file input_32.txt (compact mmCIF, C-alpha atoms)
# COMPACT_ATOMS: atom_id res chain seq x y z
CA MET L 144 13.67 3.37 -18.38
CA LEU L 145 10.70 2.52 -16.18
CA GLN L 146 8.63 1.84 -19.31
CA SER L 147 10.60 -1.33 -20.07
CA ASN L 148 10.12 -2.69 -16.56
CA PRO L 149 7.71 -5.67 -16.57
CA TYR L 150 6.30 -4.65 -13.18
CA ILE L 151 5.06 -1.28 -14.42
CA LYS L 152 1.50 -0.90 -15.61
CA GLN L 153 -0.56 2.24 -16.15
CA PHE L 154 -3.94 2.90 -14.51
CA PRO L 155 -5.41 5.88 -16.37
CA GLU L 156 -8.73 5.75 -14.47
CA LEU L 157 -7.22 5.71 -10.98
CA MET L 158 -6.79 9.15 -9.38
CA LYS L 159 -7.99 10.66 -12.66
CA GLY L 160 -8.10 14.44 -12.50
CA LYS L 161 -6.77 14.40 -8.93
CA LYS L 162 -3.63 15.66 -7.23
CA ILE L 163 -1.08 13.42 -5.56
CA MET L 164 1.56 15.07 -3.41
CA TYR L 165 4.75 13.09 -2.84
CA VAL L 166 6.94 13.89 0.17
CA HIS L 167 10.46 12.58 -0.36
CA GLY L 168 12.91 11.10 2.10
CA PHE L 169 16.07 12.46 3.68
CA GLY L 170 18.75 13.62 1.24
CA SER L 171 16.46 13.20 -1.77
CA SER L 172 14.36 15.58 -3.85
CA GLY L 173 11.16 15.97 -5.82
CA GLN L 174 12.95 14.43 -8.81
CA SER L 175 13.32 10.98 -7.28
CA GLY L 176 12.58 7.79 -9.16
CA THR L 177 9.46 7.30 -7.05
CA VAL L 178 7.98 10.51 -8.45
CA THR L 179 8.65 9.28 -11.99
CA ARG L 180 6.99 6.00 -11.10
CA ILE L 181 3.86 7.65 -9.68
CA ARG L 182 3.50 9.86 -12.74
CA GLU L 183 3.80 6.91 -15.09
CA VAL L 184 1.42 4.60 -13.25
CA PHE L 185 -1.24 7.32 -12.79
CA PRO L 186 -0.90 9.33 -16.03
CA ASN L 187 -4.11 11.31 -15.53
CA ALA L 188 -3.21 12.54 -12.06
CA THR L 189 -1.20 15.66 -11.27
CA VAL L 190 1.84 14.84 -9.14
CA ILE L 191 3.26 17.55 -6.87
CA ALA L 192 6.71 16.89 -5.40
CA PRO L 193 8.46 19.86 -3.76
CA ASP L 194 12.13 19.81 -2.80
CA LEU L 195 12.23 19.95 0.99
CA PRO L 196 14.52 22.27 2.93
CA ILE L 197 16.98 20.48 5.18
CA ARG L 198 15.80 22.23 8.32
CA PRO L 199 12.66 20.44 9.53
CA GLN L 200 10.60 23.47 10.55
CA GLU L 201 11.16 25.04 7.15
CA ALA L 202 10.18 21.75 5.50
CA ILE L 203 6.91 21.30 7.37
CA ASP L 204 6.02 24.96 6.80
CA LEU L 205 6.58 24.53 3.06
CA LEU L 206 4.47 21.36 3.00
CA ARG L 207 1.59 22.97 4.85
CA GLU L 208 1.69 25.97 2.51
CA THR L 209 1.71 23.61 -0.48
CA CYS L 210 -1.26 21.66 0.88
CA GLN L 211 -3.16 24.89 1.47
CA LYS L 212 -2.49 26.00 -2.10
CA GLU L 213 -2.85 22.71 -3.98
CA GLN L 214 -5.37 20.81 -1.81
CA PRO L 215 -4.00 17.36 -2.73
CA ASP L 216 -6.40 14.41 -2.88
CA LEU L 217 -3.68 12.06 -1.64
CA ILE L 218 -0.31 12.51 0.08
CA ILE L 219 2.34 9.79 -0.13
CA GLY L 220 5.37 10.16 2.12
CA THR L 221 8.35 7.83 2.30
CA SER L 222 10.83 7.54 5.17
CA MET L 223 11.41 11.09 6.48
CA GLY L 224 8.61 12.18 4.15
CA GLY L 225 6.32 9.75 5.95
CA MET L 226 7.10 11.54 9.20
CA TYR L 227 6.11 14.87 7.67
CA ALA L 228 3.05 13.38 5.97
CA GLU L 229 1.72 12.14 9.32
CA MET L 230 1.55 15.78 10.45
CA LEU L 231 -0.41 16.95 7.39
CA TYR L 232 -3.81 16.43 8.98
CA GLY L 233 -6.99 16.72 6.96
CA TYR L 234 -5.83 14.74 3.92
CA ASP L 235 -5.79 11.08 2.86
CA ARG L 236 -2.23 9.86 3.40
CA ILE L 237 -0.02 6.83 2.85
CA LEU L 238 3.09 6.62 5.01
CA VAL L 239 5.68 4.23 3.59
CA ASN L 240 8.37 3.14 6.05
CA PRO L 241 7.89 6.40 7.96
CA ALA L 242 10.86 7.65 10.00
CA LEU L 243 8.67 8.68 12.92
CA GLN L 244 11.75 8.97 15.16
CA MET L 245 13.93 10.78 12.65
CA GLY L 246 16.39 12.25 15.15
CA ASP L 247 17.15 8.81 16.58
CA THR L 248 17.42 7.33 13.08
CA MET L 249 20.02 9.95 12.10
CA LYS L 250 22.12 9.10 15.14
CA GLU L 251 21.84 5.33 14.69
CA HIS L 252 22.90 5.44 11.05
CA GLY L 253 25.74 7.93 11.36
CA MET L 254 24.19 10.69 9.29
CA ILE L 255 26.13 13.46 11.03
CA GLY L 256 28.66 15.21 8.80
CA ALA L 257 28.96 15.98 5.10
CA GLN L 258 26.13 14.57 2.98
CA HIS L 259 25.27 14.48 -0.72
CA PHE L 260 21.78 14.71 -2.18
CA SER L 261 20.91 11.49 -3.99
CA ASN L 262 18.81 13.32 -6.62
CA PRO L 263 19.10 16.68 -8.42
CA ARG L 264 17.34 19.63 -6.80
CA GLN L 265 15.86 22.71 -8.38
CA ASP L 266 18.21 25.02 -6.48
CA GLY L 267 21.22 23.13 -7.84
CA VAL L 268 22.61 22.38 -4.38
CA GLN L 269 24.22 18.94 -4.19
CA ASP L 270 25.94 18.88 -0.80
CA PHE L 271 24.92 19.71 2.75
CA ILE L 272 26.13 19.19 6.30
CA VAL L 273 24.28 17.54 9.17
CA THR L 274 25.25 18.92 12.57
CA LYS L 275 24.32 17.79 16.06
CA ALA L 276 22.13 20.88 16.31
CA LEU L 277 20.24 19.81 13.17
CA VAL L 278 19.73 16.32 14.58
CA LYS L 279 18.25 17.95 17.69
CA GLU L 280 15.86 19.92 15.46
CA TYR L 281 14.66 16.68 13.87
CA LYS L 282 14.22 15.07 17.26
CA GLU L 283 12.13 18.01 18.41
CA MET L 284 10.09 17.81 15.21
CA THR L 285 9.26 14.11 15.61
CA GLU L 286 8.06 14.80 19.13
CA GLN L 287 5.16 16.61 17.45
CA CYS L 288 4.03 13.47 15.63
CA PHE L 289 0.52 12.21 16.46
CA SER L 290 -0.48 15.56 18.01
CA GLY L 291 -3.54 15.82 15.77
CA VAL L 292 -4.78 12.23 15.73
CA THR L 293 -8.56 11.94 15.85
CA PRO L 294 -10.97 9.13 14.93
CA GLU L 295 -11.47 10.85 11.57
CA GLU L 296 -7.71 11.03 10.97
CA GLN L 297 -7.35 7.37 11.84
CA GLY L 298 -9.60 6.56 8.90
CA ARG L 299 -7.51 8.63 6.49
CA VAL L 300 -4.02 7.28 7.17
CA TRP L 301 -2.38 4.06 6.00
CA GLY L 302 1.03 2.92 7.21
CA LEU L 303 3.01 0.51 5.02
CA PHE L 304 6.11 -1.14 6.47
CA GLY L 305 8.65 -3.22 4.55
CA ASP L 306 9.38 -6.52 6.27
CA GLU L 307 13.05 -6.25 5.22
CA ASP L 308 13.52 -2.63 6.27
CA THR L 309 16.76 -2.33 8.26
CA THR L 310 16.73 1.49 8.41
CA VAL L 311 13.62 2.35 10.43
CA ASN L 312 11.24 0.28 12.51
CA THR L 313 8.22 2.29 13.60
CA TYR L 314 5.47 -0.27 12.95
CA ASP L 315 4.54 -0.68 16.63
CA LEU L 316 4.72 3.07 17.28
CA PHE L 317 2.42 3.75 14.33
CA ARG L 318 -0.07 1.10 15.49
CA GLU L 319 -0.37 2.82 18.86
CA HIS L 320 -2.08 5.70 17.03
CA TYR L 321 -3.44 4.38 13.72
CA PRO L 322 -5.18 1.04 13.05
CA ARG L 323 -4.23 0.65 9.38
CA ALA L 324 -0.68 -0.66 9.69
CA ILE L 325 0.33 -3.15 6.99
CA ARG L 326 3.57 -5.01 6.44
CA PHE L 327 4.61 -5.52 2.83
CA HIS L 328 7.36 -7.54 1.19
CA GLY L 329 10.14 -5.06 0.63
CA GLU L 330 13.07 -3.07 1.95
CA HIS L 331 13.32 0.53 3.10
CA ARG L 332 13.55 1.84 -0.44
CA MET L 333 10.62 0.95 -2.65
CA ASN L 334 11.23 -0.84 -5.91
CA ASP L 335 8.79 -1.31 -8.78
CA ASN L 336 7.61 -4.67 -7.44
CA SER L 337 6.73 -3.38 -3.97
CA PHE L 338 5.16 -0.22 -5.40
CA MET L 339 2.88 -2.04 -7.84
CA HIS L 340 1.84 -4.89 -5.54
CA SER L 341 1.74 -3.05 -2.20
CA ILE L 342 1.23 0.69 -2.67
CA VAL L 343 -1.03 0.67 -5.74
CA PRO L 344 -3.72 -1.57 -4.12
CA VAL L 345 -4.00 0.91 -1.23
CA ILE L 346 -4.23 3.84 -3.65
CA ARG L 347 -7.04 1.94 -5.41
CA TRP L 348 -8.92 1.52 -2.11
CA ILE L 349 -8.54 5.21 -1.34
CA ASP L 350 -9.65 6.29 -4.81
CA ASP L 351 -12.67 3.96 -4.63
CA ARG L 352 -13.71 5.45 -1.30
CA GLN L 353 -13.26 9.01 -2.53
CA GLU L 354 -15.36 8.27 -5.61
CA GLY L 355 -17.99 6.16 -3.85
CA ARG L 356 -17.08 3.46 -6.35
CA GLU L 357 -18.46 -0.04 -5.74
CA ARG L 358 -16.73 -2.85 -7.57
CA PRO L 359 -18.20 -6.33 -8.19
CA ILE L 360 -17.22 -8.63 -5.32
CA ILE L 361 -15.29 -11.88 -5.73
CA TYR L 362 -14.81 -14.27 -2.81
CA ILE L 363 -11.93 -16.75 -3.17
CA GLY L 364 -11.67 -19.88 -1.05
CA VAL L 365 -8.12 -20.06 0.28
CA GLU L 366 -7.96 -23.78 -0.56
CA THR L 367 -8.13 -22.91 -4.27
CA LEU L 368 -4.92 -20.90 -3.95
CA ARG L 369 -2.74 -23.43 -2.06
CA ASP L 370 -1.11 -26.41 -3.74
CA VAL L 371 -0.25 -29.74 -2.13
CA TYR L 372 3.17 -28.38 -1.10
CA ASP L 373 1.52 -25.41 0.62
CA GLY L 374 2.74 -22.97 -1.99
CA PRO L 375 0.59 -21.02 -4.44
CA ARG L 376 -1.00 -22.95 -7.30
CA SER L 377 0.21 -22.22 -10.80
CA SER L 378 -0.94 -18.77 -12.02
CA ALA L 379 -2.87 -18.14 -8.78
CA GLN L 380 -0.82 -15.09 -7.75
CA LYS L 381 -0.82 -13.63 -11.24
CA THR L 382 -4.58 -14.05 -11.59
CA VAL L 383 -5.39 -12.61 -8.16
CA ARG L 384 -3.22 -9.55 -8.85
CA TRP L 385 -5.07 -9.07 -12.10
CA LEU L 386 -8.51 -9.54 -10.53
CA ILE L 387 -7.96 -6.93 -7.82
CA GLU L 388 -7.44 -4.31 -10.53
CA THR L 389 -11.14 -4.56 -11.42
CA TYR L 390 -12.92 -6.37 -8.59
CA GLN L 391 -13.23 -6.15 -4.82
CA VAL L 392 -11.57 -9.41 -3.79
CA PHE L 393 -11.97 -11.18 -0.45
CA PHE L 394 -10.27 -14.37 0.74
CA VAL L 395 -12.35 -16.95 2.58
CA ALA L 396 -11.33 -19.69 5.01
CA ALA L 397 -13.19 -21.92 7.43
CA ALA L 398 -13.96 -20.41 10.82
CA PRO L 399 -10.86 -21.09 12.95
CA SER L 400 -11.16 -23.95 15.42
CA ASP L 401 -8.00 -22.80 17.18
CA GLU L 402 -5.40 -20.04 17.07
CA VAL L 403 -2.93 -22.26 15.17
CA TYR L 404 -5.25 -22.57 12.19
CA TYR L 405 -6.05 -18.86 12.27
CA ALA L 406 -2.35 -17.97 12.30
CA ASP L 407 -1.58 -20.48 9.54
CA VAL L 408 -4.13 -18.97 7.15
CA ASN L 409 -3.08 -15.40 7.88
CA GLU L 410 0.62 -16.21 7.55
CA TRP L 411 0.03 -17.93 4.19
CA LEU L 412 -1.98 -15.00 2.86
CA TYR L 413 0.67 -12.59 4.17
CA GLU L 414 3.40 -14.51 2.38
CA TYR L 415 1.72 -15.08 -0.99
CA VAL L 416 -1.04 -12.43 -1.29
CA ASN L 417 0.27 -9.79 1.08
CA VAL L 418 -1.26 -6.28 1.11
CA PRO L 419 -4.44 -7.08 -0.90
CA ALA L 420 -5.47 -9.52 1.86
CA HIS L 421 -5.35 -6.85 4.58
CA SER L 422 -8.87 -6.52 6.04
CA HIS L 423 -10.07 -8.63 3.10
CA THR L 424 -10.00 -12.04 4.82
CA VAL L 425 -13.22 -13.72 5.95
CA PHE L 426 -13.46 -16.68 8.32
CA THR L 427 -16.87 -18.38 8.23
CA VAL L 428 -18.68 -21.72 8.40
CA ARG L 429 -21.49 -20.43 6.16
CA ARG L 430 -19.97 -19.50 2.83
CA ASP L 431 -23.40 -19.66 1.24
CA LEU L 432 -24.42 -16.57 3.23
CA LEU L 433 -21.67 -14.37 1.82
CA TYR L 434 -23.15 -11.51 -0.16
CA GLY L 435 -21.29 -10.86 -3.38
CA ASP L 436 -21.15 -11.46 -7.11
CA TYR L 437 -18.83 -14.47 -7.49
CA PHE L 438 -17.47 -17.23 -5.29
CA ILE L 439 -14.43 -19.29 -6.35
CA GLY L 440 -14.34 -22.52 -4.35
CA MET L 441 -14.07 -26.28 -4.62
CA GLU L 442 -17.62 -27.07 -3.47
CA GLU L 443 -19.42 -29.53 -5.79
CA SER L 444 -22.82 -28.22 -4.67
CA TRP L 445 -23.65 -24.62 -4.00
CA SER L 446 -26.72 -22.79 -2.73
CA GLY L 447 -25.17 -19.43 -2.04
CA MET L 448 -26.17 -16.05 -3.46
CA ALA L 449 -22.97 -15.49 -5.44
CA THR L 450 -22.29 -17.13 -8.81
CA HIS L 451 -20.26 -20.24 -8.01
CA ILE L 452 -17.07 -20.96 -9.93
CA GLN L 453 -15.96 -24.48 -9.05
CA PHE L 454 -12.18 -24.61 -9.09
CA GLY L 455 -10.93 -27.99 -10.36
CA SER L 456 -14.03 -28.70 -12.42
CA ASP L 457 -13.84 -29.47 -16.14
CA THR L 458 -14.56 -25.82 -16.93
CA PHE L 459 -12.22 -24.31 -14.35
CA LYS L 460 -9.37 -26.77 -13.95
CA THR L 461 -6.71 -24.08 -13.48
CA TRP L 462 -6.33 -20.45 -12.53
CA ASP L 463 -5.62 -19.69 -16.17
CA ASP L 464 -9.14 -20.94 -16.96
CA ILE L 465 -10.54 -18.59 -14.31
CA ALA L 466 -8.54 -15.69 -15.73
CA ASP L 467 -9.94 -16.41 -19.20
CA TYR L 468 -13.49 -16.46 -17.81
CA PHE L 469 -13.20 -13.09 -16.10
CA SER L 470 -11.40 -11.63 -19.10
CA ARG L 471 -14.47 -12.44 -21.20
CA LEU L 472 -16.73 -10.81 -18.62
CA GLY L 473 -14.91 -7.51 -19.10
CA GLY L 474 -15.20 -6.40 -15.48
CA GLN L 475 -18.87 -7.26 -14.93
call {"tool": "encode", "arguments": {"input": "input_32.txt", "output": "structure tokens"}}
result
Amino acid sequence: MLQSNPYIKQFPELMKGKKIMYVHGFGSSGQSGTVTRIREVFPNATVIAPDLPIRPQEAIDLLRETCQKEQPDLIIGTSMGGMYAEMLYGYDRILVNPALQMGDTMKEHGMIGAQHFSNPRQDGVQDFIVTKALVKEYKEMTEQCFSGVTPEEQGRVWGLFGDEDTTVNTYDLFREHYPRAIRFHGEHRMNDNSFMHSIVPVIRWIDDRQEGRERPIIYIGVETLRDVYDGPRSSAQKTVRWLIETYQVFFVAAAPSDEVYYADVNEWLYEYVNVPAHSHTVFTVRRDLLYGDYFIGMEESWSGMATHIQFGSDTFKTWDDIADYFSRLGGQ
């Protein structure tokens, strides 16, 4: 059914020939819809998704054994799986809404008692019971989080946090240990929209780094994206999302004269561009010194090193015109 979803698109070249290990959340399994989604979007990657035992020590032991055997190129963990993924040191990892205080989360959301797995499991078990003793085991397990954080690990872990997540809130805790903490538009459970527009860009960055891949650089003046009502111009979001599939895209604004301006630009980019703008925003008074391949701005004169695309000119009146131009370039 995912094939008919307009949000879904395949990326055969991303993670090609690599292994992605998915670590599922509490009460789920390796047959979750997220696993199906990952396999469809990255058809040339091998996706490993073990069913986790309910007892946390057994689960982390299984995951470490699986990592040792499979040597995954990327680990993606969601919710409880994000908590486990944090502990799998030595691998590139994406933690999505990680339940880094799982014992407390179980108490707060009344998870004690009879439970039902939300997805089929290979052992056929559908029901299980959460006891106070089991909650204590989870609390003891989460106390081991961050025990292996090093500068190298900090460069291998991304934390993604839905801004409408009402189940867990570990953004600040994560940031105490890892610098790459990003808020995305979404709830605790990922949907196709949040996966394609928030998780996939990060996977692309990781794959590029692993491959030493350098993409042509496009700088985009923020003023070309905003309309007179302070919303996004027509087709701007669609074109930017398409451009980041092929190019390294940065967003450029004037050097901030005060904190209000700085916050305004960042809040606008957070609202309408979101994850792709993380660490890809440049504030400068000398746009002509930016080193790249293309610059999209409204300047009538240009002496910079990048090829200037004047938004609003006869040739590039709209973002659809810009999309047509880059479509003809074929990724160059």
call {"tool": "atom_distance", "arguments": {"input": "input_32.txt", "atom1": "atom CA of L:Gln153", "atom2": "atom CA of L:Leu412"}}
result
25.7 Å
call {"tool": "atom_distance", "arguments": {"input": "input_32.txt", "atom1": "atom CA of L:Lys279", "atom2": "atom CA of L:Gln244"}}
result
11.4 Å
call {"tool": "residues_around", "arguments": {"input": "input_32.txt", "residues": "L:Tyr437", "least_positions_apart": "5", "cutoff": "7 Å", "atoms": "all atoms listed in the file", "output": "MDAnalysis selection string"}}
result
chainID L and resid 360:362 449:451
call {"tool": "closest_residue", "arguments": {"input": "input_32.txt", "among": "L:Ile349, L:Ile325, L:Ile465, L:Val311", "to": "L:Leu386", "atoms": "only C-alpha atoms"}}
result
L:Ile465
call {"tool": "closest_residue", "arguments": {"input": "input_32.txt", "among": "L:Leu432, L:Val365, L:Leu243, L:Leu195", "to": "L:Phe289", "atoms": "only C-alpha atoms"}}
result
L:Leu243
call {"tool": "closest_residue", "arguments": {"input": "input_32.txt", "among": "L:Tyr413, L:Tyr372, L:Tyr468, L:Tyr227", "to": "L:Ser341", "atoms": "all atoms listed in the file"}}
result
L:Tyr413
call {"tool": "atom_distance", "arguments": {"input": "input_32.txt", "atom1": "atom CA of L:Gly305", "atom2": "atom CA of L:Tyr405"}}
result
22.8 Å
call {"tool": "residues_near_point", "arguments": {"input": "input_32.txt", "point": "(19.2, 14.1, -4.0)", "cutoff": "12 Å", "atoms": "only C-alpha atoms", "output": "JSON, numbers by chain"}}
result
{"L": [167, 168, 169, 170, 171, 172, 173, 174, 175, 176, 194, 195, 196, 197, 258, 259, 260, 261, 262, 263, 264, 265, 266, 267, 268, 269, 270, 271]}
call {"tool": "closest_residue", "arguments": {"input": "input_32.txt", "among": "L:Ile387, L:Val371, L:Ile363, L:Val178", "to": "L:Glu442", "atoms": "all atoms listed in the file"}}
result
L:Ile363
call {"tool": "build_atoms", "arguments": {"input": "input_32.txt", "residues": "stretch 419-440 of chain L", "atoms": "N, CA, C and O atoms", "output": "mmCIF file, keeping the file's coordinate frame"}}
result
data_model
loop_
_atom_site.group_PDB
_atom_site.id
_atom_site.type_symbol
_atom_site.label_atom_id
_atom_site.label_comp_id
_atom_site.auth_asym_id
_atom_site.auth_seq_id
_atom_site.Cartn_x
_atom_site.Cartn_y
_atom_site.Cartn_z
ATOM 1 N N PRO L 419 -3.028 -6.970 -0.508
ATOM 2 C CA PRO L 419 -4.440 -7.080 -0.900
ATOM 3 C C PRO L 419 -5.310 -7.907 0.044
ATOM 4 O O PRO L 419 -6.537 -7.812 -0.011
ATOM 5 N N ALA L 420 -4.696 -8.725 0.913
ATOM 6 C CA ALA L 420 -5.470 -9.520 1.860
ATOM 7 C C ALA L 420 -5.766 -8.769 3.146
ATOM 8 O O ALA L 420 -6.571 -9.232 3.960
ATOM 9 N N HIS L 421 -5.146 -7.601 3.338
ATOM 10 C CA HIS L 421 -5.350 -6.850 4.580
ATOM 11 C C HIS L 421 -6.810 -6.422 4.687
ATOM 12 O O HIS L 421 -7.350 -5.746 3.804
ATOM 13 N N SER L 422 -7.456 -6.817 5.785
ATOM 14 C CA SER L 422 -8.870 -6.520 6.040
ATOM 15 C C SER L 422 -9.782 -7.078 4.947
ATOM 16 O O SER L 422 -10.924 -6.646 4.812
ATOM 17 N N HIS L 423 -9.266 -8.009 4.151
ATOM 18 C CA HIS L 423 -10.070 -8.630 3.100
ATOM 19 C C HIS L 423 -10.081 -10.158 3.272
ATOM 20 O O HIS L 423 -10.191 -10.894 2.300
ATOM 21 N N THR L 424 -9.957 -10.615 4.517
ATOM 22 C CA THR L 424 -10.000 -12.040 4.820
ATOM 23 C C THR L 424 -11.226 -12.339 5.664
ATOM 24 O O THR L 424 -11.488 -11.634 6.643
ATOM 25 N N VAL L 425 -11.979 -13.359 5.264
ATOM 26 C CA VAL L 425 -13.220 -13.720 5.950
ATOM 27 C C VAL L 425 -13.121 -15.154 6.452
ATOM 28 O O VAL L 425 -12.789 -16.070 5.686
ATOM 29 N N PHE L 426 -13.388 -15.346 7.737
ATOM 30 C CA PHE L 426 -13.460 -16.680 8.320
ATOM 31 C C PHE L 426 -14.935 -16.982 8.615
ATOM 32 O O PHE L 426 -15.596 -16.223 9.334
ATOM 33 N N THR L 427 -15.444 -18.084 8.054
ATOM 34 C CA THR L 427 -16.870 -18.380 8.230
ATOM 35 C C THR L 427 -17.142 -19.868 8.018
ATOM 36 O O THR L 427 -16.398 -20.553 7.311
ATOM 37 N N VAL L 428 -18.213 -20.349 8.641
ATOM 38 C CA VAL L 428 -18.680 -21.720 8.400
ATOM 39 C C VAL L 428 -19.863 -21.719 7.438
ATOM 40 O O VAL L 428 -20.350 -22.772 7.050
ATOM 41 N N ARG L 429 -20.326 -20.535 7.042
ATOM 42 C CA ARG L 429 -21.490 -20.430 6.160
ATOM 43 C C ARG L 429 -21.115 -19.596 4.922
ATOM 44 O O ARG L 429 -21.527 -18.462 4.779
ATOM 45 N N ARG L 430 -20.371 -20.213 4.038
ATOM 46 C CA ARG L 430 -19.970 -19.500 2.830
ATOM 47 C C ARG L 430 -21.182 -19.132 1.962
ATOM 48 O O ARG L 430 -21.138 -18.145 1.233
ATOM 49 N N ASP L 431 -22.224 -19.917 2.070
ATOM 50 C CA ASP L 431 -23.400 -19.660 1.240
ATOM 51 C C ASP L 431 -24.110 -18.368 1.634
ATOM 52 O O ASP L 431 -24.942 -17.858 0.875
ATOM 53 N N LEU L 432 -23.784 -17.810 2.796
ATOM 54 C CA LEU L 432 -24.420 -16.570 3.230
ATOM 55 C C LEU L 432 -23.633 -15.324 2.834
ATOM 56 O O LEU L 432 -24.096 -14.203 3.071
ATOM 57 N N LEU L 433 -22.472 -15.516 2.235
ATOM 58 C CA LEU L 433 -21.670 -14.370 1.820
ATOM 59 C C LEU L 433 -22.383 -13.629 0.689
ATOM 60 O O LEU L 433 -22.838 -14.231 -0.284
ATOM 61 N N TYR L 434 -22.452 -12.325 0.834
ATOM 62 C CA TYR L 434 -23.150 -11.510 -0.160
ATOM 63 C C TYR L 434 -22.130 -10.939 -1.129
ATOM 64 O O TYR L 434 -21.257 -10.156 -0.762
ATOM 65 N N GLY L 435 -22.218 -11.349 -2.382
ATOM 66 C CA GLY L 435 -21.290 -10.860 -3.380
ATOM 67 C C GLY L 435 -21.721 -11.292 -4.770
ATOM 68 O O GLY L 435 -22.845 -11.759 -4.959
ATOM 69 N N ASP L 436 -20.816 -11.150 -5.724
ATOM 70 C CA ASP L 436 -21.150 -11.460 -7.110
ATOM 71 C C ASP L 436 -20.626 -12.822 -7.550
ATOM 72 O O ASP L 436 -21.301 -13.525 -8.321
ATOM 73 N N TYR L 437 -19.425 -13.202 -7.078
ATOM 74 C CA TYR L 437 -18.830 -14.470 -7.490
ATOM 75 C C TYR L 437 -18.157 -15.130 -6.292
ATOM 76 O O TYR L 437 -17.643 -14.460 -5.395
ATOM 77 N N PHE L 438 -18.207 -16.464 -6.295
ATOM 78 C CA PHE L 438 -17.470 -17.230 -5.290
ATOM 79 C C PHE L 438 -16.649 -18.292 -6.004
ATOM 80 O O PHE L 438 -17.191 -19.106 -6.755
ATOM 81 N N ILE L 439 -15.332 -18.292 -5.770
ATOM 82 C CA ILE L 439 -14.430 -19.290 -6.350
ATOM 83 C C ILE L 439 -14.084 -20.274 -5.241
ATOM 84 O O ILE L 439 -13.402 -19.931 -4.271
ATOM 85 N N GLY L 440 -14.587 -21.500 -5.364
ATOM 86 C CA GLY L 440 -14.340 -22.520 -4.350
ATOM 87 C C GLY L 440 -14.352 -23.897 -4.967
ATOM 88 O O GLY L 440 -14.559 -24.059 -6.178
#
